[in-house]
2 protein chains.
Amino acid sequence: MGRNYTLTGIEPADVWNYFYQISQIPRNSGNREPITAYLMDFCQKHGIKARRDEAYNVIAQVPASPGYEDAPSVILHSHVDMVCIKDEGVEHDFSKDPIRAYAENGIVTAEGTTLGGDDGIGMAFMLACMADAEAEHPALECVFTADEETDMDGGRRLDYTQLKSRYYINIDGMGVAVGSAGEIDVRLLMPRSHTPVKEHNLVHRVSVSGLKGGHSGAEALYERANAITLLNRVLLELTNHADIQILSLQGGRAGGCMATAIPTSASAVIAVPESHMNGARDAVAKCTAVLKKEYARRDPGISIVLESCDSGLDALSDEDADKVLDLLTLLPDGLRSTHQDFAQTLGSTSNVGVLESRDDVVEFAVTIRSTDTKRFYLYEQVCRLAGRLGVDVELLCDFPAWEYSVNDQWMDMIRRLYPEYPPFLLGGTGEIGYFTEHIPGLNAVSLTPSAYNCHSTGEYLDIQECAYFYNNLKTLLKQMKELEK
Amino acid sequence: MGRNYTLTGIEPADVWNYFYQISQIPRNSGNREPITAYLMDFCQKHGIKARRDEAYNVIAQVPASPGYEDAPSVILHSHVDMVCIKDEGVEHDFSKDPIRAYAENGIVTAEGTTLGGDDGIGMAFMLACMADAEAEHPALECVFTADEETDMDGGRRLDYTQLKSRYYINIDGMGVAVGSAGEIDVRLLMPRSHTPVKEHNLVHRVSVSGLKGGHSGAEALYERANAITLLNRVLLELTNHADIQILSLQGGRAGGCMATAIPTSASAVIAVPESHMNGARDAVAKCTAVLKKEYARRDPGISIVLESCDSGLDALSDEDADKVLDLLTLLPDGLRSTHQDFAQTLGSTSNVGVLESRDDVVEFAVTIRSTDTKRFYLYEQVCRLAGRLGVDVELLCDFPAWEYSVNDQWMDMIRRLYPEYPPFLLGGTGEIGYFTEHIPGLNAVSLTPSAYNCHSTGEYLDIQECAYFYNNLKTLLKQMKELEK
């Protein structure tokens with residue numbers, strides 16, 4: 001079977017028809033007008049009352065179908081923007097070109113770009129539901145939020161007092177999710193001074209590389225190594241055996257301000273007294289052996305190298321270097337706890353994700369996540385440490401957790417409908433925390449076919465899985481009649 | 001069936017006969033002469049070459065039985081001392097009275113005292129083996145160490161160069177163990193100054209209690225709350241809402257120097273400005289709700305109370321109080337990692353187990369454990385933090401880990417013999433780390449019927465389980481013939 005660019009002939013036909021229409025409309029984050037105009041137009045055509053707020057969220061009110069007037073109403077929610085990435089060499093202007101989505105071998109993917117399955121499939125599900133005159137469902141509050149992929153601006157600014165439902169179905173995630181972590185992102189800027197490299201000191205670079213990395217929330221339970229932390233352990237071992245100076249430091253996302261990924265590499269330029277070089281080499285060799293053994297299974301590719309290099313750089317003062325090592329040693333890093341109710345689920349974690357020395361400062365960025373309230377204590381740890389060292393902490397983001405909050409009756413109903421998908425908590429952060437934070441007593445679930453490899457050009461949707469989730473969504477809405485209003 | 005104080009009529013008869021004999025001999029830690037004299041006498045009677053070293057370890061050489069001259073020799077190891085605890089009101093002098101062990105309802109336990117199943121059963125197994133002229137086994141190096149229950153003095157001072165075996169069976173633990181954590185115990189003594197309680201400040205006590213506690217290594221994976229850490233979180237919340245002074249602090253084992261148990265209670269006496277009392281009460285109430293929810297499943301009995309109290313105490317200076325909060329916030333506490341090879345197994349953990357303000361100092365004690373090398377990094381965290389705050393760190397103990405080191409052939413043999421006992425790693429610390437540290441290439445396992453509730457007067461042995469482990473031990477020794485020397 002060849003590439004099917006019209007997405008016709010695959011089921012559910014309505015869903016793929018809307019997915020196709022959406023794919024024609026540019027919808028990179030920030031470009032909010034075209035896609036929301038399309039949604040408003042759709043509502044008008046179908047006689048559905050809708051409004052668009054200042055953040056470009058679209059909220060549509062679909063009345064209950066006959067016989068469902070007494071069933072509890074439901075919020076359906078997806079987001080309108082997509083992450084826009086293209087393969088090298090691909091000609092594609094995300095501000096105007098349609099996504100070249102096609103069906104082949106049981107999946108839908110895109111040619112040379114992200115697909116926008118995240119979260120086009122959520123929008124397509126909702127539009128197909130809204131357009132289906134035969135569907136049986138309670139009153140629906142259909143919420144399409146803007147700019148989820150950047151700073152969740154839409155979700156943050158939505159007026160939750162306008163929403164009346166106590167049941168909520170999100171369609172942006174993977175499988176049956178019933179919670180997600182909250183996130184706190186901080187940046188520390190440590191002012192630094194300059195001192196000359198001492199005479200007879202040899203300049204070397206110590207590099208840590210070859211780590212697996214990964215998403216600091218979703219992959220926290222793998223307990224992989226953090227390259228910045230390993231670099232620190234090498235530097236500590238070096239300071240025990242040689243009188244080193246630190247010239248520069250680098251780890252994690254270059255120039256980034258957020259630390260959401262586990263760093264896969266890090267390096268420092270140091271100066272070592274000629275007479276201490278043997279001790280320094282031994283220290284690095286010893287430390288390398290220890291770290292490779294400690295992570296033999298979880299991060300088997302660790303490589304640590306000490307090699308001479310050129311440098312026209314000054315060094316940090318000894319006092320500043322000491323402060324850097326204190327920060328790297330004492331900033332919370334790594335898995336901190338697991339979830340008390342769900343097995344194999346994140347409790348709390350912290351990730352020192354960015355380290356960068358610049359001319360005036362050394363920057364550290366830390367991402368803290370928890371599915372409970374522990375992240376606030378981890379944040380206090382960062383603040384007290386920084387306070388003690390005279391370093392300012394800048395709070396970049398504070399996303400609420402989506403705490404588990406589903407009544408037993410509805411949870412049982414969902415478990416019966418989705419037996420293949422055990423309910424779980426997402427390690428990442430989403431908008432759902434805003435809904436549960438602002439609407440007391442909200443029963444919130446996310447019921448979504450995975451956008452596999454999302455945020456990459458390998459993104460795809462599984463057609464069968466999409467049909468499964470769409471059909472179950474319609475069944476679930478039909479069963480809402482069994483619940484008390 | 002009534003109480004059987006002679007331990008006769010239960011199987012294996014030899015084992016229980018020796019267990020009975022041992023129970024007649026006082027063997028509290030430190031009281032090394034009587035029990036080791038008994039062992040030397042036993043060896044002489046049975047024509048077994050033995051020596052007792054300066055630490056009162058007894059090492060006996062049992063030749064291979066006929067046909068086993070080419071089988072690899074094996075070290076058997078148990079320890080001679082026991083933990084001596086009696087119930088309140090019980091008349092018992094551990095320095096001379098026999099343990100009143102008895103069999104009843106399938107178990108062996110003791111009247112009003114610890115049983116000494118830990119590690120009397122290990123000694124009894126070894127003596128029964130050594131005395132059995134019919135047994136088939138390779139050459140045995142039988143090691144009985146002294147003072148395991150206190151500072152492992154015997155194990156620490158044993159001359160390992162005298163041991164020739166590359167196979168080692170410990171009989172002091174539970175089930176089939178193939179590794180255990182190393183342990184580092186530290187104490188921090190923070191000098192403190194005195195300042196008067198401010199006028200119009202009301203003295204209150206804030207108390208945290210009702211926690212489950214437990215062994216900070218063996219029970220680390222339960223991720224229970226630590227009362228000292230919860231107290232700190234309450235104090236941090238209080239400092240955000242009221243200008244408090246700290247008068248005294250107390251948590252964990254009173255007057256203790258080691259922090260091996262997770263503290264179940266902790267309290268602080270504070271002084272609060274009258275005008276801040278409402279804020280203080282709100283802060284405690286808010287924090288209590290958060291903590292009770294965070295630990296609802298793992299530690300459901302948490303109670304936090306703020307109540308006025310009398311006090312003739314001075315306060316810590318504000319600077320010292322701040323330092324205390326920094327230490328409590330930043331000292332590593334709680335589970336840090338899981339094992340990379342064994343599921344549901346400790347990787348590393350730290351426990352702030354003692355907090356005590358005295359007239360001249362505030363004492364903190366921390367126990368750090370890991371089955372890998374992470375404890376050394378956690379120790380560096382403690383040292384750097386203390387260094388930054390100008391507090392001295394005293395290293396109390398540094399027990400090596402017993403790292404997994406069993407060749408596949410022997411491991412398979414053991415798995416087949418003990419299918420009901422999946423090999424696991426002990427969360428606590430034992431002497432075995434000394435053996436694996438000093439004897440390169442040693443294949444080390446621990447094959448032991450549990451001394452249930454050990455270190456308490458509820459201690460007991462299961463008779464069937466003892467028979468199972470004794471019979472399997474003899475079979476395993478018989479099968480040593482299949483291994484290369």
# chains A, B, ... in the order shown; residues from 1 in each chain; ligands from 1
call {"tool": "closest_atom_pairs", "arguments": {"of": "chain B", "to": "chain A", "cutoff": "7 Å", "atoms": "only C-alpha atoms", "output": "tab-separated table"}}
result
residue	atom	partner	partner_atom	distance
B:Glu294	CA	A:Asp372	CA	6.4
B:Arg297	CA	A:Gln340	CA	6.4
B:Arg298	CA	A:Gln340	CA	6.7
B:Asp326	CA	A:Arg384	CA	6.5
B:Thr329	CA	A:Gln381	CA	6.0
B:Leu330	CA	A:Gln381	CA	6.2
B:Leu335	CA	A:Arg336	CA	6.7
B:Arg336	CA	A:Arg336	CA	6.0
B:Ser337	CA	A:Leu335	CA	6.9
B:Gln340	CA	A:Arg297	CA	6.4
B:Asp372	CA	A:Glu294	CA	6.4
B:Thr373	CA	A:Glu294	CA	6.7
B:Gln381	CA	A:Thr329	CA	6.0
B:Arg384	CA	A:Asp326	CA	6.5
call {"tool": "write_last_selection", "arguments": {"atoms": "all heavy atoms", "output": "compact mmCIF listing (two decimals), in the first residue's frame"}}
result
# COMPACT_ATOMS: atom_id res chain seq x y z
N GLU B 294 0.91 13.80 52.22
CA GLU B 294 2.09 13.28 51.52
C GLU B 294 2.44 11.87 51.99
O GLU B 294 3.00 11.08 51.24
CB GLU B 294 3.27 14.22 51.78
CG GLU B 294 4.13 14.49 50.59
CD GLU B 294 5.22 15.50 50.92
OE1 GLU B 294 6.22 15.08 51.52
OE2 GLU B 294 5.05 16.70 50.61
N ARG B 297 -0.37 7.05 53.08
CA ARG B 297 -0.29 5.60 53.00
C ARG B 297 0.93 5.06 53.75
O ARG B 297 0.88 4.03 54.40
CB ARG B 297 -0.23 5.16 51.54
CG ARG B 297 -0.22 3.65 51.34
CD ARG B 297 -0.28 3.29 49.89
NE ARG B 297 -1.50 3.77 49.29
CZ ARG B 297 -2.60 3.02 49.12
NH1 ARG B 297 -2.60 1.77 49.50
NH2 ARG B 297 -3.67 3.53 48.56
N ARG B 298 2.05 5.76 53.63
CA ARG B 298 3.29 5.21 54.16
C ARG B 298 3.46 5.43 55.66
O ARG B 298 4.17 4.70 56.32
CB ARG B 298 4.48 5.84 53.43
CG ARG B 298 4.58 5.32 52.02
CD ARG B 298 5.62 6.04 51.22
NE ARG B 298 5.81 5.37 49.94
CZ ARG B 298 6.30 5.95 48.86
NH1 ARG B 298 6.64 7.22 48.90
NH2 ARG B 298 6.45 5.27 47.75
N ASP B 326 19.49 25.12 58.11
CA ASP B 326 20.27 24.78 56.91
C ASP B 326 20.72 23.32 56.97
O ASP B 326 20.62 22.59 55.99
CB ASP B 326 21.51 25.68 56.80
CG ASP B 326 21.21 26.98 56.06
OD1 ASP B 326 20.06 27.14 55.59
OD2 ASP B 326 22.10 27.82 55.95
N THR B 329 17.81 20.96 56.55
CA THR B 329 17.24 21.01 55.20
C THR B 329 18.17 20.35 54.19
O THR B 329 17.71 19.73 53.23
CB THR B 329 16.98 22.48 54.78
OG1 THR B 329 16.15 23.09 55.77
CG2 THR B 329 16.30 22.56 53.43
N LEU B 330 19.48 20.47 54.41
CA LEU B 330 20.42 20.06 53.36
C LEU B 330 21.19 18.77 53.66
O LEU B 330 21.81 18.21 52.75
CB LEU B 330 21.40 21.21 53.08
CG LEU B 330 20.73 22.45 52.47
CD1 LEU B 330 21.67 23.64 52.48
CD2 LEU B 330 20.26 22.17 51.04
N LEU B 335 15.60 7.86 50.98
CA LEU B 335 16.07 6.98 49.90
C LEU B 335 16.73 7.82 48.82
O LEU B 335 16.19 8.83 48.40
CB LEU B 335 14.89 6.21 49.33
CG LEU B 335 15.21 5.17 48.26
CD1 LEU B 335 16.03 4.03 48.85
CD2 LEU B 335 13.94 4.63 47.63
N ARG B 336 17.90 7.40 48.35
CA ARG B 336 18.58 8.14 47.30
C ARG B 336 18.62 7.39 45.97
O ARG B 336 18.66 8.00 44.91
CB ARG B 336 20.02 8.49 47.74
CG ARG B 336 20.10 9.74 48.58
CD ARG B 336 19.58 10.94 47.80
NE ARG B 336 19.69 12.18 48.55
CZ ARG B 336 18.77 12.65 49.36
NH1 ARG B 336 17.65 11.98 49.55
NH2 ARG B 336 18.93 13.80 49.97
N SER B 337 18.65 6.06 46.03
CA SER B 337 18.66 5.30 44.78
C SER B 337 18.32 3.85 45.08
O SER B 337 18.43 3.40 46.21
CB SER B 337 20.03 5.39 44.10
OG SER B 337 21.05 4.89 44.95
N GLN B 340 20.89 -1.19 40.88
CA GLN B 340 20.75 -1.27 39.42
C GLN B 340 20.55 -2.70 38.91
O GLN B 340 20.04 -2.88 37.81
CB GLN B 340 21.93 -0.60 38.71
CG GLN B 340 23.28 -1.22 38.94
CD GLN B 340 24.39 -0.54 38.14
OE1 GLN B 340 24.13 0.20 37.21
NE2 GLN B 340 25.62 -0.80 38.51
N ASP B 372 26.24 0.15 46.76
CA ASP B 372 27.28 0.47 45.78
C ASP B 372 28.20 1.54 46.38
O ASP B 372 28.37 1.60 47.60
CB ASP B 372 26.66 0.92 44.45
CG ASP B 372 25.73 2.12 44.64
OD1 ASP B 372 25.80 2.79 45.70
OD2 ASP B 372 24.93 2.40 43.73
N THR B 373 28.79 2.39 45.56
CA THR B 373 29.74 3.38 46.07
C THR B 373 29.12 4.75 46.32
O THR B 373 29.82 5.69 46.67
CB THR B 373 30.91 3.54 45.06
OG1 THR B 373 30.40 3.42 43.72
CG2 THR B 373 31.95 2.46 45.27
N GLN B 381 28.78 14.97 50.61
CA GLN B 381 27.74 16.00 50.74
C GLN B 381 27.67 16.49 52.18
O GLN B 381 27.60 17.70 52.44
CB GLN B 381 26.38 15.44 50.28
CG GLN B 381 26.33 15.21 48.77
CD GLN B 381 25.04 14.55 48.29
OE1 GLN B 381 24.06 14.50 49.02
NE2 GLN B 381 25.04 14.06 47.07
N ARG B 384 30.92 18.60 52.89
CA ARG B 384 30.97 19.93 52.27
C ARG B 384 29.97 20.87 52.94
O ARG B 384 30.25 22.04 53.16
CB ARG B 384 30.71 19.85 50.77
CG ARG B 384 31.91 19.31 49.99
CD ARG B 384 31.84 19.66 48.51
NE ARG B 384 32.29 21.02 48.26
CZ ARG B 384 33.54 21.38 48.00
NH1 ARG B 384 34.50 20.48 47.95
NH2 ARG B 384 33.85 22.64 47.79
call {"tool": "select_by_dssp", "arguments": {"residues": "stretch 265-482 of chain B", "states": "helix (DSSP H, G or I)", "output": "JSON, numbers by chain"}}
result
{"B": [274, 275, 276, 277, 278, 279, 280, 281, 282, 283, 284, 285, 286, 287, 288, 289, 290, 291, 292, 293, 294, 318, 319, 320, 321, 322, 323, 324, 325, 326, 327, 328, 329, 330, 374, 375, 376, 377, 378, 379, 380, 381, 382, 383, 384, 385, 386, 387, 388, 389, 408, 409, 410, 411, 412, 413, 414, 415, 416, 417, 432, 433, 434, 435, 436, 437, 438, 463, 464, 465, 466, 467, 468, 469, 470, 471, 472, 473, 474, 475, 476, 477, 478, 479, 480, 481, 482]}
call {"tool": "select_by_dssp", "arguments": {"residues": "stretch 101-295 of chain B", "states": "strand (DSSP E)", "output": "ChimeraX atom specification"}}
result
/B:101-104,107-110,140-145,167-170,175-180,182-191,201-209,214-215,245-252,261-262,266-273
call {"tool": "write_last_selection", "arguments": {"atoms": "C-alpha atoms", "output": "mmCIF file, in the first residue's frame"}}
result
data_model
loop_
_atom_site.group_PDB
_atom_site.id
_atom_site.type_symbol
_atom_site.label_atom_id
_atom_site.label_comp_id
_atom_site.auth_asym_id
_atom_site.auth_seq_id
_atom_site.Cartn_x
_atom_site.Cartn_y
_atom_site.Cartn_z
ATOM 1 C CA ALA B 101 14.842 -21.179 75.324
ATOM 2 C CA TYR B 102 11.905 -23.472 74.645
ATOM 3 C CA ALA B 103 10.103 -25.112 71.744
ATOM 4 C CA GLU B 104 6.362 -24.684 71.315
ATOM 5 C CA ILE B 107 8.942 -22.349 66.965
ATOM 6 C CA VAL B 108 11.821 -21.891 69.384
ATOM 7 C CA THR B 109 11.762 -18.739 71.469
ATOM 8 C CA ALA B 110 12.943 -17.566 74.908
ATOM 9 C CA LEU B 140 36.052 -26.307 55.994
ATOM 10 C CA GLU B 141 37.443 -23.162 57.550
ATOM 11 C CA CYS B 142 35.026 -22.525 60.402
ATOM 12 C CA VAL B 143 35.128 -18.927 61.599
ATOM 13 C CA PHE B 144 33.300 -17.764 64.730
ATOM 14 C CA THR B 145 33.672 -14.012 65.137
ATOM 15 C CA TYR B 167 33.889 -20.006 48.756
ATOM 16 C CA TYR B 168 32.176 -18.560 51.780
ATOM 17 C CA ILE B 169 28.894 -19.354 53.496
ATOM 18 C CA ASN B 170 27.700 -17.015 56.192
ATOM 19 C CA GLY B 175 17.075 -16.376 53.618
ATOM 20 C CA VAL B 176 19.479 -16.440 50.698
ATOM 21 C CA ALA B 177 21.430 -13.186 50.737
ATOM 22 C CA VAL B 178 24.122 -12.335 48.217
ATOM 23 C CA GLY B 179 25.121 -8.845 49.285
ATOM 24 C CA SER B 180 24.572 -6.110 51.823
ATOM 25 C CA GLY B 182 27.987 -0.586 53.438
ATOM 26 C CA GLU B 183 27.456 1.987 56.161
ATOM 27 C CA ILE B 184 28.977 5.287 57.179
ATOM 28 C CA ASP B 185 27.984 6.839 60.500
ATOM 29 C CA VAL B 186 28.794 10.446 61.227
ATOM 30 C CA ARG B 187 28.135 12.896 64.007
ATOM 31 C CA LEU B 188 28.090 16.669 63.673
ATOM 32 C CA LEU B 189 28.552 18.795 66.759
ATOM 33 C CA MET B 190 27.541 22.380 66.091
ATOM 34 C CA PRO B 191 28.739 24.749 68.816
ATOM 35 C CA ASN B 201 7.498 35.869 73.110
ATOM 36 C CA LEU B 202 5.361 32.886 74.081
ATOM 37 C CA VAL B 203 7.098 29.574 74.605
ATOM 38 C CA HIS B 204 5.595 26.622 72.738
ATOM 39 C CA ARG B 205 6.527 23.094 71.929
ATOM 40 C CA VAL B 206 6.000 21.736 68.425
ATOM 41 C CA SER B 207 6.005 17.936 68.425
ATOM 42 C CA VAL B 208 5.990 15.395 65.629
ATOM 43 C CA SER B 209 5.064 11.855 66.645
ATOM 44 C CA GLY B 214 12.100 1.257 61.263
ATOM 45 C CA HIS B 215 15.602 0.216 60.268
ATOM 46 C CA GLN B 245 13.266 31.698 68.239
ATOM 47 C CA ILE B 246 14.424 28.110 68.749
ATOM 48 C CA LEU B 247 15.109 27.092 72.362
ATOM 49 C CA SER B 248 15.743 23.376 72.080
ATOM 50 C CA LEU B 249 15.581 20.483 69.644
ATOM 51 C CA GLN B 250 15.211 16.771 70.170
ATOM 52 C CA GLY B 251 14.634 13.865 67.841
ATOM 53 C CA GLY B 252 15.555 10.245 67.328
ATOM 54 C CA ALA B 261 16.862 3.860 63.196
ATOM 55 C CA ILE B 262 14.423 6.153 61.418
ATOM 56 C CA ALA B 266 10.949 14.804 67.275
ATOM 57 C CA SER B 267 10.170 18.095 68.928
ATOM 58 C CA ALA B 268 11.371 21.643 69.295
ATOM 59 C CA VAL B 269 10.724 24.269 71.917
ATOM 60 C CA ILE B 270 10.218 27.632 70.241
ATOM 61 C CA ALA B 271 9.281 31.152 71.256
ATOM 62 C CA VAL B 272 6.745 33.030 69.147
ATOM 63 C CA PRO B 273 5.887 36.742 69.362
#
call {"tool": "residues_around", "arguments": {"residues": "A:Lys86", "least_positions_apart": "6", "cutoff": "12 Å", "atoms": "only C-alpha atoms", "output": "PDB file with N, CA, C and O atoms, in the first residue's frame"}}
result
ATOM      1  N   HIS A  92      10.377  23.399   4.398  1.00  0.00           N
ATOM      2  CA  HIS A  92       9.040  23.466   4.982  1.00  0.00           C
ATOM      3  C   HIS A  92       8.936  24.744   5.798  1.00  0.00           C
ATOM      4  O   HIS A  92       9.777  25.001   6.650  1.00  0.00           O
ATOM      5  N   ASP A  93       7.915  25.532   5.511  1.00  0.00           N
ATOM      6  CA  ASP A  93       7.681  26.760   6.265  1.00  0.00           C
ATOM      7  C   ASP A  93       6.473  26.529   7.167  1.00  0.00           C
ATOM      8  O   ASP A  93       5.329  26.541   6.701  1.00  0.00           O
ATOM      9  N   PHE A  94       6.740  26.315   8.450  1.00  0.00           N
ATOM     10  CA  PHE A  94       5.648  25.972   9.369  1.00  0.00           C
ATOM     11  C   PHE A  94       4.630  27.099   9.506  1.00  0.00           C
ATOM     12  O   PHE A  94       3.519  26.877   9.959  1.00  0.00           O
ATOM     13  N   ILE A  99       1.041  20.403   6.881  1.00  0.00           N
ATOM     14  CA  ILE A  99       1.805  19.214   7.268  1.00  0.00           C
ATOM     15  C   ILE A  99       1.483  18.118   6.254  1.00  0.00           C
ATOM     16  O   ILE A  99       0.314  17.878   5.943  1.00  0.00           O
ATOM     17  N   ARG A 100       2.525  17.466   5.742  1.00  0.00           N
ATOM     18  CA  ARG A 100       2.313  16.403   4.744  1.00  0.00           C
ATOM     19  C   ARG A 100       2.080  15.070   5.462  1.00  0.00           C
ATOM     20  O   ARG A 100       2.930  14.174   5.459  1.00  0.00           O
ATOM     21  N   ALA A 110       4.202  12.020   9.207  1.00  0.00           N
ATOM     22  CA  ALA A 110       4.334  13.173   8.314  1.00  0.00           C
ATOM     23  C   ALA A 110       5.674  13.123   7.595  1.00  0.00           C
ATOM     24  O   ALA A 110       6.647  12.571   8.108  1.00  0.00           O
ATOM     25  N   GLU A 111       5.698  13.741   6.451  1.00  0.00           N
ATOM     26  CA  GLU A 111       6.886  13.702   5.610  1.00  0.00           C
ATOM     27  C   GLU A 111       7.864  14.790   6.040  1.00  0.00           C
ATOM     28  O   GLU A 111       7.620  15.975   5.807  1.00  0.00           O
ATOM     29  N   GLY A 112       8.945  14.402   6.681  1.00  0.00           N
ATOM     30  CA  GLY A 112      10.028  15.351   6.974  1.00  0.00           C
ATOM     31  C   GLY A 112       9.802  16.272   8.151  1.00  0.00           C
ATOM     32  O   GLY A 112      10.683  17.058   8.491  1.00  0.00           O
ATOM     33  N   THR A 113       8.615  16.205   8.772  1.00  0.00           N
ATOM     34  CA  THR A 113       8.338  17.110   9.895  1.00  0.00           C
ATOM     35  C   THR A 113       7.647  16.344  11.024  1.00  0.00           C
ATOM     36  O   THR A 113       7.258  15.193  10.851  1.00  0.00           O
ATOM     37  N   THR A 114       7.514  17.031  12.165  1.00  0.00           N
ATOM     38  CA  THR A 114       6.613  16.509  13.182  1.00  0.00           C
ATOM     39  C   THR A 114       5.221  16.391  12.578  1.00  0.00           C
ATOM     40  O   THR A 114       4.870  17.122  11.650  1.00  0.00           O
ATOM     41  N   LEU A 115       4.434  15.455  13.125  1.00  0.00           N
ATOM     42  CA  LEU A 115       3.089  15.207  12.599  1.00  0.00           C
ATOM     43  C   LEU A 115       2.066  16.165  13.203  1.00  0.00           C
ATOM     44  O   LEU A 115       1.088  16.537  12.549  1.00  0.00           O
ATOM     45  N   GLY A 116       2.285  16.559  14.441  1.00  0.00           N
ATOM     46  CA  GLY A 116       1.231  17.292  15.140  1.00  0.00           C
ATOM     47  C   GLY A 116       0.128  16.359  15.606  1.00  0.00           C
ATOM     48  O   GLY A 116      -1.002  16.771  15.841  1.00  0.00           O
ATOM     49  N   HIS A 455       7.348  15.251  19.456  1.00  0.00           N
ATOM     50  CA  HIS A 455       8.396  16.282  19.506  1.00  0.00           C
ATOM     51  C   HIS A 455       9.622  15.848  18.702  1.00  0.00           C
ATOM     52  O   HIS A 455      10.726  16.307  18.966  1.00  0.00           O
ATOM     53  N   SER A 456       9.426  14.964  17.725  1.00  0.00           N
ATOM     54  CA  SER A 456      10.512  14.613  16.805  1.00  0.00           C
ATOM     55  C   SER A 456       9.883  14.313  15.449  1.00  0.00           C
ATOM     56  O   SER A 456       8.670  14.101  15.347  1.00  0.00           O
ATOM     57  N   THR A 457      10.713  14.273  14.414  1.00  0.00           N
ATOM     58  CA  THR A 457      10.167  14.041  13.070  1.00  0.00           C
ATOM     59  C   THR A 457       9.748  12.589  12.885  1.00  0.00           C
ATOM     60  O   THR A 457       9.151  12.241  11.875  1.00  0.00           O
ATOM     61  N   GLY A 458      10.048  11.746  13.856  1.00  0.00           N
ATOM     62  CA  GLY A 458       9.586  10.361  13.800  1.00  0.00           C
ATOM     63  C   GLY A 458       8.191  10.186  14.385  1.00  0.00           C
ATOM     64  O   GLY A 458       7.698   9.065  14.527  1.00  0.00           O
ATOM     65  N   GLU A 459       7.524  11.286  14.716  1.00  0.00           N
ATOM     66  CA  GLU A 459       6.208  11.202  15.368  1.00  0.00           C
ATOM     67  C   GLU A 459       5.192  10.449  14.511  1.00  0.00           C
ATOM     68  O   GLU A 459       5.102  10.675  13.308  1.00  0.00           O
TER      69      GLU A 459
END
call {"tool": "atom_distance", "arguments": {"atom1": "atom CA of A:Gln479", "atom2": "atom CA of A:Ala60"}}
result
21.6 Å
call {"tool": "atom_distance", "arguments": {"atom1": "atom CA of A:Asn226", "atom2": "atom CA of B:Tyr379"}}
result
18.7 Å
call {"tool": "atom_distance", "arguments": {"atom1": "atom CA of B:Gly430", "atom2": "atom CA of B:Lys164"}}
result
21.0 Å
call {"tool": "residues_around", "arguments": {"residues": "A:Cys43", "least_positions_apart": "6", "cutoff": "12 Å", "atoms": "only C-alpha atoms", "output": "VMD selection string"}}
result
chain A and resid 36 to 37 49 to 52 58 to 62 126 to 128 130 to 131 142
call {"tool": "closest_residue", "arguments": {"among": "A:Asp310, A:Asp151, A:Asp299, A:Asp359", "to": "A:Asp398", "atoms": "only C-alpha atoms"}}
result
A:Asp151
call {"tool": "residues_around", "arguments": {"residues": "A:Ile302", "least_positions_apart": "2", "cutoff": "7 Å", "atoms": "only C-alpha atoms", "output": "list in words"}}
result
Ser209, Gly210, Leu211, Lys292, Asp299, Pro300 and Ile304 of chain A
call {"tool": "closest_residue", "arguments": {"among": "A:Glu363, A:Glu136, A:Glu437, A:Asp392", "to": "A:Ala259", "atoms": "only C-alpha atoms"}}
result
A:Glu363
call {"tool": "closest_residue", "arguments": {"among": "B:Ala321, B:Val352, B:Ile121, B:Cys397", "to": "B:Ala451", "atoms": "only C-alpha atoms"}}
result
B:Ile121
call {"tool": "decode", "arguments": {"residues": "stretch 415-431 of chain B", "atoms": "C-alpha atoms", "output": "PDB file, in the first residue's frame"}}
result
ATOM      1  CA  ARG B 415      19.094 -21.265  43.219  1.00  0.00           C
ATOM      2  CA  ARG B 416      18.179 -24.884  42.531  1.00  0.00           C
ATOM      3  CA  LEU B 417      18.586 -25.861  46.189  1.00  0.00           C
ATOM      4  CA  TYR B 418      16.648 -22.891  47.600  1.00  0.00           C
ATOM      5  CA  PRO B 419      13.900 -22.226  45.021  1.00  0.00           C
ATOM      6  CA  GLU B 420      11.642 -20.714  47.708  1.00  0.00           C
ATOM      7  CA  TYR B 421      14.225 -18.060  48.589  1.00  0.00           C
ATOM      8  CA  PRO B 422      15.085 -15.673  45.736  1.00  0.00           C
ATOM      9  CA  PRO B 423      18.586 -14.282  46.299  1.00  0.00           C
ATOM     10  CA  PHE B 424      18.482 -10.739  47.622  1.00  0.00           C
ATOM     11  CA  LEU B 425      20.638  -8.029  49.163  1.00  0.00           C
ATOM     12  CA  LEU B 426      20.441  -7.154  52.855  1.00  0.00           C
ATOM     13  CA  GLY B 427      19.672  -3.511  53.591  1.00  0.00           C
ATOM     14  CA  GLY B 428      21.590  -3.691  56.841  1.00  0.00           C
ATOM     15  CA  THR B 429      25.293  -4.033  57.407  1.00  0.00           C
ATOM     16  CA  GLY B 430      27.216  -7.148  58.358  1.00  0.00           C
ATOM     17  CA  GLU B 431      30.705  -8.532  58.697  1.00  0.00           C
TER      18      GLU B 431
END
